[in-house]
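Data file: query.txt. Format and content: compact mmCIF, C-alpha atoms (C1' of nucleotides).
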```txt
# COMPACT_ATOMS: atom_id res chain seq x y z
CA MET A 1 -13.85 3.64 5.28
CA GLN A 2 -12.83 0.55 3.36
CA GLY A 3 -14.17 -2.82 4.37
CA HIS A 4 -11.11 -4.61 5.69
CA ASP A 5 -12.84 -6.68 8.32
CA HIS A 6 -11.28 -9.87 7.12
CA ASP A 7 -7.65 -9.14 7.64
CA HIS A 8 -7.47 -11.20 10.76
CA ASP A 9 -5.38 -13.81 9.00
CA GLU A 10 -3.00 -11.15 7.83
CA ILE A 11 -2.82 -9.57 11.24
CA LYS A 12 -2.10 -12.92 12.78
CA ASP A 13 0.50 -13.51 10.13
CA LYS A 14 2.03 -10.13 10.83
CA ASP A 15 2.18 -10.82 14.54
CA GLU A 16 3.86 -14.13 13.93
CA VAL A 17 6.45 -12.61 11.66
CA LEU A 18 7.07 -9.87 14.15
CA ALA A 19 7.31 -12.19 17.14
CA ARG A 20 9.68 -14.52 15.32
CA TYR A 21 11.82 -11.65 14.14
CA MET A 22 11.98 -10.09 17.57
CA ALA A 23 12.86 -13.40 19.18
CA GLN A 24 15.60 -14.10 16.64
CA HIS A 25 17.11 -10.68 17.10
CA GLY A 26 16.81 -10.41 20.86
CA LEU A 27 14.38 -7.53 20.57
CA LYS A 28 11.93 -6.60 23.27
CA SER A 29 8.27 -5.88 23.05
CA THR A 30 7.69 -2.56 24.74
CA ARG A 31 4.70 -0.37 25.35
CA GLN A 32 5.92 2.20 22.82
CA ARG A 33 6.70 -0.33 20.11
CA SER A 34 3.34 -2.00 20.46
CA LEU A 35 1.56 1.31 20.32
CA ILE A 36 3.50 2.46 17.27
CA ILE A 37 3.11 -0.81 15.42
CA ASP A 38 -0.58 -1.17 16.22
CA THR A 39 -1.25 2.38 15.19
CA PHE A 40 0.69 1.95 12.00
CA PHE A 41 -1.26 -1.11 10.91
CA ALA A 42 -4.58 0.29 12.13
CA VAL A 43 -4.26 3.54 10.21
CA GLY A 44 -3.07 1.96 6.99
CA GLY A 45 -2.14 3.99 3.96
CA HIS A 46 1.22 5.58 3.35
CA LEU A 47 2.32 7.31 6.49
CA SER A 48 5.25 9.55 7.00
CA VAL A 49 7.03 9.18 10.31
CA GLU A 50 5.69 12.51 11.42
CA GLU A 51 2.12 11.61 10.59
CA LEU A 52 2.46 8.37 12.44
CA TRP A 53 4.08 10.15 15.34
CA ASN A 54 1.10 12.48 15.58
CA LYS A 55 -1.33 9.58 15.73
CA VAL A 56 0.80 7.89 18.33
CA ARG A 57 1.20 10.99 20.46
CA ALA A 58 -2.56 11.34 20.61
CA GLN A 59 -2.51 8.18 22.69
CA ASP A 60 0.74 8.60 24.54
CA ALA A 61 2.12 12.11 24.50
CA LYS A 62 5.53 11.08 25.70
CA VAL A 63 6.61 8.87 22.82
CA SER A 64 9.50 10.49 20.98
CA VAL A 65 10.03 10.76 17.25
CA ALA A 66 13.28 8.92 17.60
CA THR A 67 11.43 5.86 18.80
CA VAL A 68 9.04 6.04 15.89
CA TYR A 69 11.95 6.27 13.49
CA ARG A 70 13.68 3.36 15.18
CA THR A 71 10.54 1.24 15.20
CA MET A 72 9.67 1.85 11.58
CA LYS A 73 13.20 1.00 10.58
CA LEU A 74 12.74 -2.29 12.39
CA LEU A 75 9.43 -3.01 10.70
CA ASN A 76 11.08 -2.28 7.41
CA GLU A 77 13.98 -4.60 8.13
CA CYS A 78 11.77 -7.50 9.09
CA GLY A 79 9.69 -6.99 5.96
CA LEU A 80 6.46 -5.89 7.57
CA ALA A 81 6.63 -2.39 6.16
CA HIS A 82 8.03 -0.96 2.97
CA ALA A 83 9.72 2.41 2.80
CA ARG A 84 8.55 4.56 -0.08
CA ASN A 85 9.62 7.87 -1.42
CA PHE A 86 7.03 9.83 -3.32
CA GLY A 87 8.82 13.04 -4.09
CA ASP A 88 7.98 15.12 -1.06
CA GLY A 89 11.04 15.02 1.15
CA GLN A 90 9.68 12.41 3.52
CA THR A 91 9.99 8.65 3.66
CA ARG A 92 6.61 7.00 3.82
CA TYR A 93 5.89 3.55 5.11
CA GLU A 94 3.19 1.17 4.07
CA ALA A 95 2.13 -2.13 5.56
CA ALA A 96 3.54 -5.15 3.79
CA ALA A 97 2.47 -8.18 5.79
CA GLY A 98 0.75 -10.78 3.69
CA ARG A 99 0.16 -8.33 0.89
CA ASP A 100 0.98 -8.91 -2.73
CA HIS A 101 3.35 -6.61 -4.47
CA HIS A 102 1.67 -3.57 -5.89
CA ASP A 103 2.45 -0.24 -7.45
CA HIS A 104 1.07 3.27 -7.10
CA LEU A 105 -0.95 5.86 -8.91
CA ILE A 106 -0.38 9.25 -7.33
CA CYS A 107 -2.47 12.34 -7.90
CA THR A 108 -0.15 15.32 -8.11
CA ARG A 109 -2.93 17.71 -7.17
CA CYS A 110 -4.67 16.23 -4.15
CA GLY A 111 -2.12 13.63 -3.15
CA THR A 112 -4.46 10.65 -3.42
CA ILE A 113 -2.60 7.39 -3.74
CA VAL A 114 -4.22 4.43 -5.45
CA GLU A 115 -2.60 1.02 -5.37
CA PHE A 116 -2.77 -1.43 -8.22
CA GLU A 117 -1.15 -4.54 -9.44
CA ASN A 118 -0.72 -5.79 -12.93
CA ASP A 119 0.83 -9.14 -13.66
CA ARG A 120 1.44 -8.40 -17.29
CA ILE A 121 3.58 -5.43 -16.39
CA GLU A 122 5.52 -7.54 -13.91
CA THR A 123 6.09 -10.15 -16.59
CA LEU A 124 7.38 -7.55 -19.01
CA GLN A 125 9.63 -6.11 -16.34
CA ASP A 126 11.19 -9.50 -15.80
CA ALA A 127 11.71 -9.88 -19.51
CA VAL A 128 13.41 -6.50 -19.76
CA ALA A 129 15.65 -7.29 -16.84
CA ARG A 130 16.61 -10.64 -18.29
CA LYS A 131 17.45 -9.01 -21.59
CA HIS A 132 19.95 -6.79 -19.76
CA GLY A 133 21.36 -9.64 -17.74
CA PHE A 134 19.80 -8.50 -14.47
CA THR A 135 18.21 -10.58 -11.79
CA VAL A 136 15.51 -8.42 -10.29
CA THR A 137 14.85 -8.65 -6.60
CA SER A 138 12.43 -5.77 -6.22
CA HIS A 139 11.04 -2.89 -8.10
CA LYS A 140 8.91 0.13 -7.76
CA MET A 141 6.71 1.89 -10.20
CA GLU A 142 4.83 5.09 -9.68
CA LEU A 143 2.47 6.80 -12.08
CA TYR A 144 1.92 10.49 -11.45
CA GLY A 145 -1.02 12.43 -12.79
CA LEU A 146 -4.49 13.69 -11.98
CA CYS A 147 -7.17 11.56 -10.39
CA ARG A 148 -10.72 11.60 -11.64
CA ASP A 149 -11.87 14.31 -9.25
CA CYS A 150 -8.93 16.58 -9.84
CA GLN A 151 -9.39 16.37 -13.57
CA ARG A 152 -12.80 17.91 -13.04
CA GLY A 153 -11.39 20.59 -10.80
CA LEU A 154 -13.16 19.48 -7.65
CA PRO A 155 -11.93 21.13 -4.47
CA VAL A 156 -9.16 19.30 -2.72
CA ALA A 157 -10.32 17.71 0.50
CA SER A 158 -6.89 18.02 2.16
CA GLU A 159 -5.58 15.24 4.29
CA ALA A 160 -7.13 13.74 7.39
CA MET B 1 26.77 -0.20 -25.24
CA GLN B 2 24.43 2.50 -26.46
CA GLY B 3 25.08 4.40 -29.66
CA HIS B 4 24.23 7.98 -28.83
CA ASP B 5 26.73 9.77 -31.00
CA HIS B 6 24.08 11.73 -32.79
CA ASP B 7 22.88 13.97 -30.02
CA HIS B 8 23.88 17.17 -31.70
CA ASP B 9 20.29 17.88 -32.64
CA GLU B 10 19.32 17.24 -29.07
CA ILE B 11 21.97 19.55 -27.74
CA LYS B 12 20.83 22.31 -30.04
CA ASP B 13 17.30 21.61 -28.96
CA LYS B 14 18.39 21.86 -25.35
CA ASP B 15 19.98 25.25 -25.88
CA GLU B 16 16.84 26.52 -27.53
CA VAL B 17 14.65 25.28 -24.74
CA LEU B 18 16.96 26.82 -22.22
CA ALA B 19 17.19 30.17 -23.98
CA ARG B 20 13.45 30.40 -24.40
CA TYR B 21 12.82 29.47 -20.81
CA MET B 22 15.35 31.95 -19.51
CA ALA B 23 13.94 34.71 -21.65
CA GLN B 24 10.38 34.01 -20.56
CA HIS B 25 11.33 34.00 -16.93
CA GLY B 26 13.67 36.94 -16.94
CA LEU B 27 16.64 34.75 -16.06
CA LYS B 28 20.19 35.70 -16.76
CA SER B 29 22.92 33.70 -18.39
CA THR B 30 25.90 33.83 -16.11
CA ARG B 31 29.34 32.36 -16.10
CA GLN B 32 28.44 29.96 -13.27
CA ARG B 33 25.20 28.82 -14.83
CA SER B 34 26.81 28.12 -18.15
CA LEU B 35 29.61 26.20 -16.52
CA ILE B 36 27.24 24.15 -14.40
CA ILE B 37 24.86 23.40 -17.24
CA ASP B 38 27.60 22.57 -19.72
CA THR B 39 29.30 20.31 -17.21
CA PHE B 40 26.05 18.61 -16.36
CA PHE B 41 25.26 17.75 -19.96
CA ALA B 42 28.84 16.86 -20.78
CA VAL B 43 29.24 14.41 -17.95
CA GLY B 44 25.91 12.70 -18.43
CA GLY B 45 24.68 9.95 -16.20
CA HIS B 46 22.87 10.40 -12.94
CA LEU B 47 24.69 13.03 -10.96
CA SER B 48 24.10 14.09 -7.41
CA VAL B 49 24.51 17.78 -6.74
CA GLU B 50 27.67 17.11 -4.84
CA GLU B 51 29.20 15.09 -7.67
CA LEU B 52 28.32 17.80 -10.13
CA TRP B 53 29.69 20.43 -7.79
CA ASN B 54 32.99 18.59 -7.66
CA LYS B 55 33.27 18.52 -11.45
CA VAL B 56 32.38 22.18 -11.61
CA ARG B 57 34.81 23.21 -8.92
CA ALA B 58 37.58 21.56 -10.84
CA GLN B 59 37.10 24.30 -13.41
CA ASP B 60 36.11 27.18 -11.17
CA ALA B 61 36.90 26.68 -7.54
CA LYS B 62 34.74 29.54 -6.37
CA VAL B 63 31.34 28.26 -7.47
CA SER B 64 29.23 27.51 -4.42
CA VAL B 65 27.01 24.49 -3.83
CA ALA B 66 24.06 26.80 -3.41
CA THR B 67 24.42 27.92 -7.00
CA VAL B 68 24.57 24.34 -8.20
CA TYR B 69 21.42 23.54 -6.26
CA ARG B 70 19.69 26.61 -7.65
CA THR B 71 20.77 25.88 -11.19
CA MET B 72 19.71 22.26 -11.13
CA LYS B 73 16.36 23.25 -9.74
CA LEU B 74 15.98 25.57 -12.68
CA LEU B 75 16.94 22.88 -15.18
CA ASN B 76 14.44 20.63 -13.57
CA GLU B 77 11.69 23.23 -13.74
CA CYS B 78 12.24 23.93 -17.38
CA GLY B 79 12.21 20.22 -18.16
CA LEU B 80 15.83 19.84 -19.21
CA ALA B 81 16.72 17.66 -16.26
CA HIS B 82 14.79 15.13 -14.23
CA ALA B 83 15.23 14.72 -10.51
CA ARG B 84 15.57 11.12 -9.41
CA ASN B 85 15.79 9.49 -6.10
CA PHE B 86 17.43 6.09 -6.01
CA GLY B 87 17.39 5.29 -2.34
CA ASP B 88 20.63 6.83 -1.16
CA GLY B 89 19.74 10.09 0.51
CA GLN B 90 20.65 12.28 -2.44
CA THR B 91 18.66 13.68 -5.31
CA ARG B 92 20.20 12.80 -8.62
CA TYR B 93 19.65 14.61 -11.88
CA GLU B 94 19.72 13.25 -15.36
CA ALA B 95 19.58 15.05 -18.68
CA ALA B 96 16.15 15.13 -20.25
CA ALA B 97 16.41 17.29 -23.36
CA GLY B 98 15.08 15.58 -26.42
CA ARG B 99 15.33 12.19 -24.84
CA ASP B 100 12.57 9.66 -24.83
CA HIS B 101 11.17 8.60 -21.57
CA HIS B 102 13.01 5.70 -20.05
CA ASP B 103 13.21 3.71 -16.86
CA HIS B 104 16.01 2.23 -14.82
CA LEU B 105 17.57 -1.03 -13.85
CA ILE B 106 19.71 -0.56 -10.76
CA CYS B 107 22.26 -3.02 -9.46
CA THR B 108 22.03 -3.07 -5.71
CA ARG B 109 25.56 -4.38 -5.38
CA CYS B 110 27.72 -2.23 -7.62
CA GLY B 111 25.35 0.65 -8.25
CA THR B 112 25.33 0.30 -12.03
CA ILE B 113 22.34 1.99 -13.60
CA VAL B 114 21.04 0.78 -16.94
CA GLU B 115 18.37 2.70 -18.77
CA PHE B 116 15.72 1.05 -20.86
CA GLU B 117 12.43 1.78 -22.46
CA ASN B 118 9.59 -0.52 -23.22
CA ASP B 119 6.55 0.66 -25.08
CA ARG B 120 4.44 -2.29 -24.09
CA ILE B 121 4.93 -1.47 -20.43
CA GLU B 122 4.02 2.14 -21.08
CA THR B 123 0.89 1.05 -22.87
CA LEU B 124 -0.12 -1.15 -19.98
CA GLN B 125 0.57 1.66 -17.55
CA ASP B 126 -1.76 3.94 -19.45
CA ALA B 127 -4.42 1.27 -19.44
CA VAL B 128 -4.11 0.79 -15.70
CA ALA B 129 -4.30 4.51 -15.11
CA ARG B 130 -7.36 4.87 -17.29
CA LYS B 131 -9.05 2.07 -15.44
CA HIS B 132 -8.63 4.04 -12.24
CA GLY B 133 -9.75 7.30 -13.79
CA PHE B 134 -6.28 8.83 -13.76
CA THR B 135 -4.64 10.95 -16.42
CA VAL B 136 -0.96 10.17 -16.17
CA THR B 137 1.51 12.94 -16.78
CA SER B 138 4.69 11.17 -15.78
CA HIS B 139 5.88 8.03 -14.17
CA LYS B 140 8.92 6.34 -12.90
CA MET B 141 9.84 2.74 -12.69
CA GLU B 142 12.91 1.27 -11.12
CA LEU B 143 13.94 -2.37 -11.09
CA TYR B 144 16.42 -3.28 -8.39
CA GLY B 145 18.55 -6.40 -8.51
CA LEU B 146 21.92 -7.76 -9.52
CA CYS B 147 23.61 -7.02 -12.80
CA ARG B 148 25.30 -9.74 -14.80
CA ASP B 149 28.72 -9.17 -13.31
CA CYS B 150 27.52 -9.02 -9.75
CA GLN B 151 25.58 -12.24 -10.14
CA ARG B 152 28.89 -13.91 -10.88
CA GLY B 153 30.48 -12.27 -7.88
CA LEU B 154 32.94 -10.18 -9.86
CA PRO B 155 34.73 -7.51 -7.84
CA VAL B 156 32.97 -4.18 -7.75
CA ALA B 157 34.76 -1.56 -9.80
CA SER B 158 33.57 1.32 -7.59
CA GLU B 159 32.43 4.55 -9.12
CA ALA B 160 34.34 6.90 -11.33
C1' DT C 1 19.80 -8.14 37.34
C1' DT C 2 20.96 -7.11 32.73
C1' DG C 3 20.97 -5.52 28.56
C1' DA C 4 17.81 -3.61 25.37
C1' DC C 5 14.76 0.48 24.94
C1' DT C 6 13.48 5.25 25.50
C1' DG C 7 13.55 10.28 25.67
C1' DC C 8 16.12 14.08 25.02
C1' DA C 9 19.08 16.82 22.82
C1' DA C 10 22.89 17.26 20.08
C1' DA C 11 24.76 15.77 15.67
C1' DT C 12 24.29 14.68 10.67
C1' DG C 13 23.55 15.19 5.94
C1' DT C 14 21.04 17.42 2.45
C1' DT C 15 18.89 21.27 0.60
C1' DT C 16 17.20 26.07 1.20
C1' DT C 17 17.52 30.94 2.28
C1' DG C 18 18.71 35.79 3.95
C1' DC C 19 21.68 39.21 2.90
C1' DA C 20 25.29 42.10 1.13
C1' DT C 21 27.86 42.29 -2.95
C1' DG C 22 28.58 41.36 -7.91
C1' DC C 23 27.51 41.32 -12.59
C1' DC C 24 24.34 40.76 -16.82
C1' DG C 25 21.46 43.22 -19.75
C1' DC D 1 21.72 51.85 -13.59
C1' DG D 2 18.42 48.14 -11.81
C1' DG D 3 17.57 43.78 -10.71
C1' DC D 4 18.61 39.08 -10.92
C1' DA D 5 22.55 36.01 -9.51
C1' DT D 6 26.17 34.63 -6.38
C1' DG D 7 28.75 33.35 -2.15
C1' DC D 8 28.68 32.65 2.35
C1' DA D 9 26.96 31.26 6.37
C1' DA D 10 22.97 30.44 8.97
C1' DA D 11 18.57 28.09 8.77
C1' DA D 12 15.51 24.54 7.79
C1' DC D 13 14.35 19.75 7.42
C1' DA D 14 14.47 14.84 7.84
C1' DT D 15 16.82 11.43 10.16
C1' DT D 16 20.34 9.44 13.27
C1' DT D 17 22.85 8.88 17.43
C1' DG D 18 25.17 9.37 22.21
C1' DC D 19 23.94 9.05 26.77
C1' DA D 20 21.84 8.39 31.12
C1' DG D 21 17.86 6.76 33.03
C1' DT D 22 14.01 3.05 32.48
C1' DC D 23 11.96 -1.22 31.80
C1' DA D 24 11.06 -5.92 29.94
C1' DA D 25 12.53 -10.69 30.44
```
As structure tokens - that is how I would like this structure written.
Amino acid sequence: MQGHDHDHDEIKDKDEVLARYMAQHGLKSTRQRSLIIDTFFAVGGHLSVEELWNKVRAQDAKVSVATVYRTMKLLNECGLAHARNFGDGQTRYEAAAGRDHHDHLICTRCGTIVEFENDRIETLQDAVARKHGFTVTSHKMELYGLCRDCQRGLPVASEA
Amino acid sequence: MQGHDHDHDEIKDKDEVLARYMAQHGLKSTRQRSLIIDTFFAVGGHLSVEELWNKVRAQDAKVSVATVYRTMKLLNECGLAHARNFGDGQTRYEAAAGRDHHDHLICTRCGTIVEFENDRIETLQDAVARKHGFTVTSHKMELYGLCRDCQRGLPVASEA
DNA sequence: TTGACTGCAAATGTTTTGCATGCCG
DNA sequence: CGGCATGCAAAACATTTGCAGTCAA
């Protein structure tokens, strides 16, 4: 739906990071891992492990959830995916390769997630942290509310 | 650190909110609920259900975890407690009655949690939301990093 | 060949729930 | 009394892990 036809650099970058990480850690590139990782980056968005598993199983019915969990944990460790936690009980992952930091607007009615970034907020965050003697290494910020459509009571389109 | 010795108004406010909510929902005031709620507000901080359960059991050994879960869910629903999720697998609750909104600085080494509020950040958040057509009803922001002591490598004092 | 990877199922840890009993109102 | 609340244990989830077989390097 969105025009992301120019992420070849990022994909290359991602592959490099991944290859380097796997080499350094003695990890192997397997059919399942490739499938999971490719699917994850191809789908985009904020996937729960189960959602990702479903996409993956559509292509290879024998991949187990455990492998998806293990693979996403790896991606997270090597910095290519970030684990997020938006209130429903599940951990969601989002692609991180070559992307700037960003935060989220979450519609509490239809579940839409919009990403944004705002340098002025980041600057203020740093200032606050400094005032309290903290050195900040990461942060997360989530704004919950109603998106434009839900404010007007439009029917919820459910998820894909 | 913080001078919050004047929360008597807030406590009264809390009881009112609670009483009204319980009346409206046909809820009963029981020994267990009172004990759990009083303990929760007395201890303060960001308690996991298990931590709270331990405090409660010290006073009445027969209270079950289930009741603590049920009670905290109630407090959360009536707005007197907020559920938070700081990365470890557990949901933590913090008192919300009569308190201004605030965010958190979390030390990733010793676990210290510092609360802060910053109106300019809130203002910017609203602006961002508006730009994306959202009406924000709540938000959370967490800054992760090292607190002053941990930056200097001081020994971790563990939790209480 | 070898050791990492996988699938499966069992194990974990957290939170929820069904049910019979208990207690507030 | 009647119905919500409680305790207990089982159930429900999300996630992890032990193990034996499989596969990449």
**Item:** Residues near segment 2-9 of chain D, cut-off 9 Å, all atoms listed in the file, skip fewer than 6 positions along chain, as a list in words
**Value:** Gly26, Leu27, Lys28, Thr30, Gln32, Lys62, Val63, Ser64, Ala66 and Thr67 of chain B; DT21, DG22, DC23 and DC24 of chain C
Please produce a file of the residues just selected, as a short mmCIF file (atom, residue, chain, number, x, y, z; two decimals), in the frame of the given file, where the atoms kept are C-alpha atoms (C1' of nucleotides).
```cif
data_model
loop_
_atom_site.label_atom_id
_atom_site.label_comp_id
_atom_site.auth_asym_id
_atom_site.auth_seq_id
_atom_site.Cartn_x
_atom_site.Cartn_y
_atom_site.Cartn_z
CA GLY B 26 13.67 36.94 -16.94
CA LEU B 27 16.64 34.75 -16.06
CA LYS B 28 20.19 35.70 -16.76
CA THR B 30 25.90 33.83 -16.11
CA GLN B 32 28.44 29.96 -13.27
CA LYS B 62 34.74 29.54 -6.37
CA VAL B 63 31.34 28.26 -7.47
CA SER B 64 29.23 27.51 -4.42
CA ALA B 66 24.06 26.80 -3.41
CA THR B 67 24.42 27.92 -7.00
"C1'" DT C 21 27.86 42.29 -2.95
"C1'" DG C 22 28.58 41.36 -7.91
"C1'" DC C 23 27.51 41.32 -12.59
"C1'" DC C 24 24.34 40.76 -16.82
#
```
**Message:** Only residues of chain C matter here; which ones have an atom within 10 Å of chain A, counting only C-alpha atoms (C1' of nucleotides)? Give them as a list of chain:residue names.
**Reply:** C:DA4, C:DC5, C:DT6, C:DG7, C:DC8
Per residue of chain D within 10 Å of chain A, what are the shortest atom pair and its distance in Å to one decimal, counting all atoms listed in the file, with rows by chain and residue number, as a Markdown table?
```
| residue | atom | partner | partner_atom | distance |
| --- | --- | --- | --- | --- |
| D:DC13 | C1' | A:Gly89 | CA | 8.5 |
| D:DA14 | C1' | A:Gln90 | CA | 6.9 |
| D:DT15 | C1' | A:Tyr69 | CA | 7.8 |
| D:DT16 | C1' | A:Ala66 | CA | 8.3 |
| D:DT17 | C1' | A:Ala66 | CA | 9.6 |
| D:DC23 | C1' | A:Thr30 | CA | 8.4 |
| D:DA24 | C1' | A:Lys28 | CA | 6.8 |
| D:DA25 | C1' | A:Lys28 | CA | 8.3 |
```
Find the residues in chain B near chain A: any atom within 8 Å counts, using all atoms listed in the file. Write them as a compact mmCIF listing (two decimals) with C-alpha atoms, in the frame of the given file.
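The result, written out as part_9.txt:
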```txt
# COMPACT_ATOMS: atom_id res chain seq x y z
CA ASN B 85 15.79 9.49 -6.10
CA LEU B 105 17.57 -1.03 -13.85
CA CYS B 107 22.26 -3.02 -9.46
CA PHE B 116 15.72 1.05 -20.86
CA ASN B 118 9.59 -0.52 -23.22
CA ARG B 120 4.44 -2.29 -24.09
CA ILE B 121 4.93 -1.47 -20.43
CA LEU B 124 -0.12 -1.15 -19.98
CA GLN B 125 0.57 1.66 -17.55
CA VAL B 128 -4.11 0.79 -15.70
CA ALA B 129 -4.30 4.51 -15.11
CA HIS B 132 -8.63 4.04 -12.24
CA GLY B 133 -9.75 7.30 -13.79
CA PHE B 134 -6.28 8.83 -13.76
CA THR B 135 -4.64 10.95 -16.42
CA VAL B 136 -0.96 10.17 -16.17
CA THR B 137 1.51 12.94 -16.78
CA SER B 138 4.69 11.17 -15.78
CA HIS B 139 5.88 8.03 -14.17
CA LYS B 140 8.92 6.34 -12.90
CA MET B 141 9.84 2.74 -12.69
CA GLU B 142 12.91 1.27 -11.12
CA LEU B 143 13.94 -2.37 -11.09
CA TYR B 144 16.42 -3.28 -8.39
CA GLY B 145 18.55 -6.40 -8.51
CA LEU B 146 21.92 -7.76 -9.52
CA CYS B 147 23.61 -7.02 -12.80
CA ARG B 148 25.30 -9.74 -14.80
CA GLN B 151 25.58 -12.24 -10.14
```
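Take atom CA of Val68 of chain A and atom CA of Glu51 of chain A: the distance between them is 10.3 Å.
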**Request:** Quick one: pull the distance between atom CA of Asp60 of chain B and atom CA of Leu35 of chain B, Å, one decimal.
**Result:** 8.5 Å
**Asked** For the atom pair atom CA of Val43 of chain B and atom C1' of DT17 of chain C, what is the interatomic distance in Å to one decimal place?
**Response** 28.6 Å
Repaired coordinates for segment 110-116 of chain A (all heavy atoms) as a short mmCIF file (atom, residue, chain, number, x, y, z; two decimals), in the frame of the given file:
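And here's rebuild16.cif as it stands now:
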```cif
data_model
loop_
_atom_site.label_atom_id
_atom_site.label_comp_id
_atom_site.auth_asym_id
_atom_site.auth_seq_id
_atom_site.Cartn_x
_atom_site.Cartn_y
_atom_site.Cartn_z
N CYS A 110 -4.11 16.40 -5.49
CA CYS A 110 -4.67 16.23 -4.15
C CYS A 110 -3.90 15.20 -3.32
O CYS A 110 -4.18 15.03 -2.14
CB CYS A 110 -6.13 15.81 -4.24
SG CYS A 110 -6.40 14.15 -4.89
N GLY A 111 -2.95 14.55 -3.93
CA GLY A 111 -2.12 13.63 -3.15
C GLY A 111 -2.71 12.23 -2.97
O GLY A 111 -2.09 11.38 -2.34
N THR A 112 -3.87 11.99 -3.51
CA THR A 112 -4.46 10.65 -3.42
C THR A 112 -3.51 9.60 -3.97
O THR A 112 -2.87 9.80 -5.00
CB THR A 112 -5.76 10.60 -4.25
OG1 THR A 112 -6.69 11.51 -3.68
CG2 THR A 112 -6.35 9.19 -4.24
N ILE A 113 -3.43 8.49 -3.27
CA ILE A 113 -2.60 7.39 -3.74
C ILE A 113 -3.47 6.17 -3.94
O ILE A 113 -4.17 5.73 -3.04
CB ILE A 113 -1.49 7.08 -2.72
CG1 ILE A 113 -0.58 8.29 -2.55
CG2 ILE A 113 -0.70 5.85 -3.18
CD1 ILE A 113 0.47 8.10 -1.47
N VAL A 114 -3.45 5.63 -5.14
CA VAL A 114 -4.22 4.43 -5.45
C VAL A 114 -3.23 3.31 -5.72
O VAL A 114 -2.24 3.50 -6.42
CB VAL A 114 -5.12 4.63 -6.69
CG1 VAL A 114 -5.78 3.33 -7.08
CG2 VAL A 114 -6.17 5.70 -6.40
N GLU A 115 -3.49 2.15 -5.14
CA GLU A 115 -2.60 1.02 -5.37
C GLU A 115 -3.18 0.14 -6.46
O GLU A 115 -4.39 0.03 -6.61
CB GLU A 115 -2.46 0.21 -4.09
CG GLU A 115 -1.90 1.04 -2.95
CD GLU A 115 -1.83 0.25 -1.66
OE1 GLU A 115 -2.41 -0.84 -1.60
OE2 GLU A 115 -1.19 0.74 -0.72
N PHE A 116 -2.29 -0.49 -7.21
CA PHE A 116 -2.77 -1.43 -8.22
C PHE A 116 -1.73 -2.50 -8.42
O PHE A 116 -0.58 -2.36 -8.00
CB PHE A 116 -3.06 -0.71 -9.54
CG PHE A 116 -1.83 -0.19 -10.23
CD1 PHE A 116 -1.12 -0.98 -11.13
CD2 PHE A 116 -1.38 1.10 -9.96
CE1 PHE A 116 0.03 -0.49 -11.75
CE2 PHE A 116 -0.24 1.59 -10.58
CZ PHE A 116 0.46 0.80 -11.47
#
```
